[in-house]
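Worksheet for the structure shown next.
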Amino acid sequence: MALTDSLMEDASDADITATSVSASVSASASASVSASAAASAAAAGSAGPSIGVIKSGRPYLHESTIRRRLARLETDLSRDESARLQGIQLIDDVRNALHLPIITYITACGYYHRFRLMFDTKAYAWADAALACLFVACKSEDTLKKSREILCANHNLKNPDRITTPDDKLFDQSSKMLIGLERHVIETLRFDFQVRNPFKMLAKIVKAVLGSEEDASDFFIEAYKVGIDMYKTFAPLKHTTFTCAFTIALLTALITGWSEDAFVSLDPTAYYTCQEWVAEVMLDVLDLYTDHYRSTLLGQEINPQIFMDVKIKHHAWI
């Protein structure tokens with residue numbers, strides 16, 4: 001029987017034991033040998049995954065896969081959303097304190113989303129997971145920071161009246177905990193550390209539409225904020241760099257009203273995407289702005305009613 005996409009996704013997320021091979025061997029063996037083999041198989045199964053299982057990285061996740069994983073973990077959606085936003089905000093705050101580049105932020109956000117889709121939220125604290133993902137992102141993007149430096153930056157942000165240094169003994173146990181979580185993050189990623197950067201493509205789209213004028217610089221600054229906010233959603237896990245970059249540019253034009261006609265008239269297929277994908281990403285980001293605008297960069301500067309107006313226009317558009 002052919003496996004459906006859902007079954008294949010479930011199979012890639014779970015360890016599969018080779019029961020069919022065991023059955024064929026036991027059929028030709030004696031009863032005592034069969035019992036012994038079954039006991040050995042049970043012992044091997046409890047020791048870890050089957051040696052015949054190969055897990056490969058998955059660059060993108062379908063919306064149904066994300067929902068199925070959340071359901072499997074019995075995650076409360078409202079609590080999950082709160083922890084997700086707080087974790088990404090913590091990553092951004094520590095990243096700014098350590099003067100890390102935007103690519104490290106993008107990478108850490110991707111790792112954090114994937115980690116939380118794999119492990120039960122009761123098994124770890126969201127703050128520890130966020131810092132561990134930032135630690136792994138620093139390594140994968142060659143912006144190396146020691147675990148103690150990340151923990152120290154987080155401590156200094158929380159306690160501005162008790163500033164300390166990374167060599168403080170206060171971080172001895174926390175550093176070991178962070179290194180332990182690092183292993184789980186790497187297992188979640190299946191050693192696939194690649195994360196795509198949409199800001200390079202975004203700059204090309206803005207330049208193609210607005211040229212190299214001062215208006216283009218002002219537009220890109222606002223689009224940059226939309227891009228940072230987009231990583232507080234699952235959109236980057238579901239769609240390509242082209243789709244995310246195109247949506248950021250279009251959404252920025254709709255929100256600010258700058259060169260709106262020029263961006264609306266763009267053909268998505270010219271940027272290797274389609275109208276349906278753009279609409280899905282835009283809806284994810286607009287949901288963030290309408291429900292949690294205080295937790296976003298752009299939401300702190302724009303009247304919330306503007307987001308509602310754009311969302312209504314978007315629903316009429318699709």
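Convention: chains lettered A, B, ... in structure tokens order; per-chain residue numbering from 1; ligands numbered from 1 as shown.
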
Would you tabulate, counting only C-alpha atoms, all residues of range 142-222 of chain A that have an atom at most 10 Å from an atom of range 88-91 of chain A, showing the closest pair of atoms and their distance in Å to one decimal, sorted by chain then ascending number, as a Markdown table?
```
| residue | atom | partner | partner_atom | distance |
| --- | --- | --- | --- | --- |
| A:Ile150 | CA | A:Ile91 | CA | 9.9 |
| A:Asn154 | CA | A:Leu90 | CA | 8.1 |
| A:Leu157 | CA | A:Leu90 | CA | 9.7 |
```

Any chance you could export the current selection's N, CA and C atoms as a compact mmCIF listing (two decimals), in the first residue's frame?
```
# COMPACT_ATOMS: atom_id res chain seq x y z
N ILE A 150 26.37 34.31 26.30
CA ILE A 150 24.94 34.42 26.03
C ILE A 150 24.16 34.49 27.34
N ASN A 154 21.94 37.72 28.83
CA ASN A 154 20.55 37.57 29.28
C ASN A 154 20.39 38.04 30.73
N LEU A 157 20.50 41.84 30.96
CA LEU A 157 19.26 42.46 30.48
C LEU A 157 18.17 42.38 31.54
```

If we count only C-alpha atoms and set the cut-off at 8 Å, which residues sit around range 186-197 of chain A, ignoring sequence neighbours fewer than 6 positions away in its own chain? Please answer as a PDB file with N, CA and C atoms, in the first residue's frame.
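Output below, filename part.pdb:
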```
ATOM      1  N   LYS A  55      17.258   9.426   9.240  1.00  0.00           N
ATOM      2  CA  LYS A  55      16.462  10.651   9.278  1.00  0.00           C
ATOM      3  C   LYS A  55      17.192  11.737   8.500  1.00  0.00           C
ATOM      4  N   SER A  56      16.479  12.395   7.636  1.00  0.00           N
ATOM      5  CA  SER A  56      17.066  13.475   6.850  1.00  0.00           C
ATOM      6  C   SER A  56      16.382  14.782   7.187  1.00  0.00           C
ATOM      7  N   GLY A  57      17.102  15.869   6.999  1.00  0.00           N
ATOM      8  CA  GLY A  57      16.548  17.180   7.288  1.00  0.00           C
ATOM      9  C   GLY A  57      15.420  17.544   6.336  1.00  0.00           C
ATOM     10  N   PRO A  59      13.692  20.881   4.863  1.00  0.00           N
ATOM     11  CA  PRO A  59      13.802  22.350   4.821  1.00  0.00           C
ATOM     12  C   PRO A  59      12.478  23.066   5.030  1.00  0.00           C
ATOM     13  N   ILE A 103      21.441  37.590  10.342  1.00  0.00           N
ATOM     14  CA  ILE A 103      21.400  36.194   9.908  1.00  0.00           C
ATOM     15  C   ILE A 103      21.403  35.250  11.106  1.00  0.00           C
ATOM     16  N   ILE A 106      17.816  35.214  12.359  1.00  0.00           N
ATOM     17  CA  ILE A 106      16.981  34.398  11.480  1.00  0.00           C
ATOM     18  C   ILE A 106      17.194  32.909  11.767  1.00  0.00           C
ATOM     19  N   THR A 107      18.458  32.523  11.887  1.00  0.00           N
ATOM     20  CA  THR A 107      18.797  31.125  12.120  1.00  0.00           C
ATOM     21  C   THR A 107      18.276  30.645  13.465  1.00  0.00           C
ATOM     22  N   GLY A 110      14.491  30.071  13.408  1.00  0.00           N
ATOM     23  CA  GLY A 110      14.147  28.824  12.728  1.00  0.00           C
ATOM     24  C   GLY A 110      14.390  27.608  13.604  1.00  0.00           C
ATOM     25  N   TYR A 111      15.528  27.605  14.305  1.00  0.00           N
ATOM     26  CA  TYR A 111      15.839  26.493  15.194  1.00  0.00           C
ATOM     27  C   TYR A 111      14.837  26.417  16.348  1.00  0.00           C
ATOM     28  N   ARG A 114      11.441  24.944  15.278  1.00  0.00           N
ATOM     29  CA  ARG A 114      11.527  23.502  15.049  1.00  0.00           C
ATOM     30  C   ARG A 114      11.680  22.741  16.366  1.00  0.00           C
ATOM     31  N   PHE A 115      12.464  23.303  17.272  1.00  0.00           N
ATOM     32  CA  PHE A 115      12.665  22.640  18.565  1.00  0.00           C
ATOM     33  C   PHE A 115      11.346  22.516  19.313  1.00  0.00           C
ATOM     34  N   MET A 118       9.048  19.746  18.292  1.00  0.00           N
ATOM     35  CA  MET A 118       9.532  18.384  18.500  1.00  0.00           C
ATOM     36  C   MET A 118       9.394  17.922  19.948  1.00  0.00           C
ATOM     37  N   VAL A 136      23.425  27.637  19.306  1.00  0.00           N
ATOM     38  CA  VAL A 136      23.691  26.808  18.126  1.00  0.00           C
ATOM     39  C   VAL A 136      23.772  27.676  16.871  1.00  0.00           C
ATOM     40  N   SER A 140      26.670  27.896  13.916  1.00  0.00           N
ATOM     41  CA  SER A 140      26.410  27.569  12.509  1.00  0.00           C
ATOM     42  C   SER A 140      26.641  28.753  11.583  1.00  0.00           C
ATOM     43  N   THR A 241      12.304  31.318   0.238  1.00  0.00           N
ATOM     44  CA  THR A 241      12.861  32.661   0.376  1.00  0.00           C
ATOM     45  C   THR A 241      12.160  33.642  -0.547  1.00  0.00           C
TER      46      THR A 241
END
```

Interatomic distance between CA of Ile302 in chain A and CA of Tyr289 in chain A?
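Separating CA of Ile302 in chain A from CA of Tyr289 in chain A is a distance of 9.8 Å.
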
In terms of only C-alpha atoms, the residue from A:Lys139, A:Lys311, A:Lys207, A:Lys146 at minimal distance from Leu283 in chain A is A:Lys311

Which range 66-157 of chain A residues have any atom within 12 Å of an atom of range 161-178 of chain A, and for each, what is the nearest pair of atoms with distance in Å to one decimal, counting only C-alpha atoms, rows sorted by chain and number, as a Markdown table?
```
| residue | atom | partner | partner_atom | distance |
| --- | --- | --- | --- | --- |
| A:Tyr124 | CA | A:Met177 | CA | 10.6 |
| A:Ala125 | CA | A:Met177 | CA | 11.3 |
| A:Ala127 | CA | A:Leu178 | CA | 10.6 |
| A:Asp128 | CA | A:Leu178 | CA | 7.0 |
| A:Ala129 | CA | A:Leu178 | CA | 8.2 |
| A:Ala130 | CA | A:Leu178 | CA | 9.9 |
| A:Leu131 | CA | A:Leu178 | CA | 7.5 |
| A:Ala132 | CA | A:Leu178 | CA | 5.5 |
| A:Cys133 | CA | A:Leu178 | CA | 9.2 |
| A:Leu134 | CA | A:Leu178 | CA | 10.3 |
| A:Phe135 | CA | A:Leu178 | CA | 8.2 |
| A:Val136 | CA | A:Leu178 | CA | 9.9 |
| A:Lys145 | CA | A:Pro166 | CA | 10.8 |
| A:Lys146 | CA | A:Pro166 | CA | 8.8 |
| A:Ser147 | CA | A:Ser175 | CA | 5.8 |
| A:Arg148 | CA | A:Pro166 | CA | 5.1 |
| A:Glu149 | CA | A:Pro166 | CA | 5.2 |
| A:Ile150 | CA | A:Pro166 | CA | 8.3 |
| A:Leu151 | CA | A:Phe171 | CA | 7.0 |
| A:Cys152 | CA | A:Pro166 | CA | 5.3 |
| A:Ala153 | CA | A:Pro166 | CA | 8.3 |
| A:Asn154 | CA | A:Ile163 | CA | 10.5 |
| A:His155 | CA | A:Ile163 | CA | 7.8 |
| A:Asn156 | CA | A:Ile163 | CA | 5.3 |
| A:Leu157 | CA | A:Ile163 | CA | 8.6 |
```
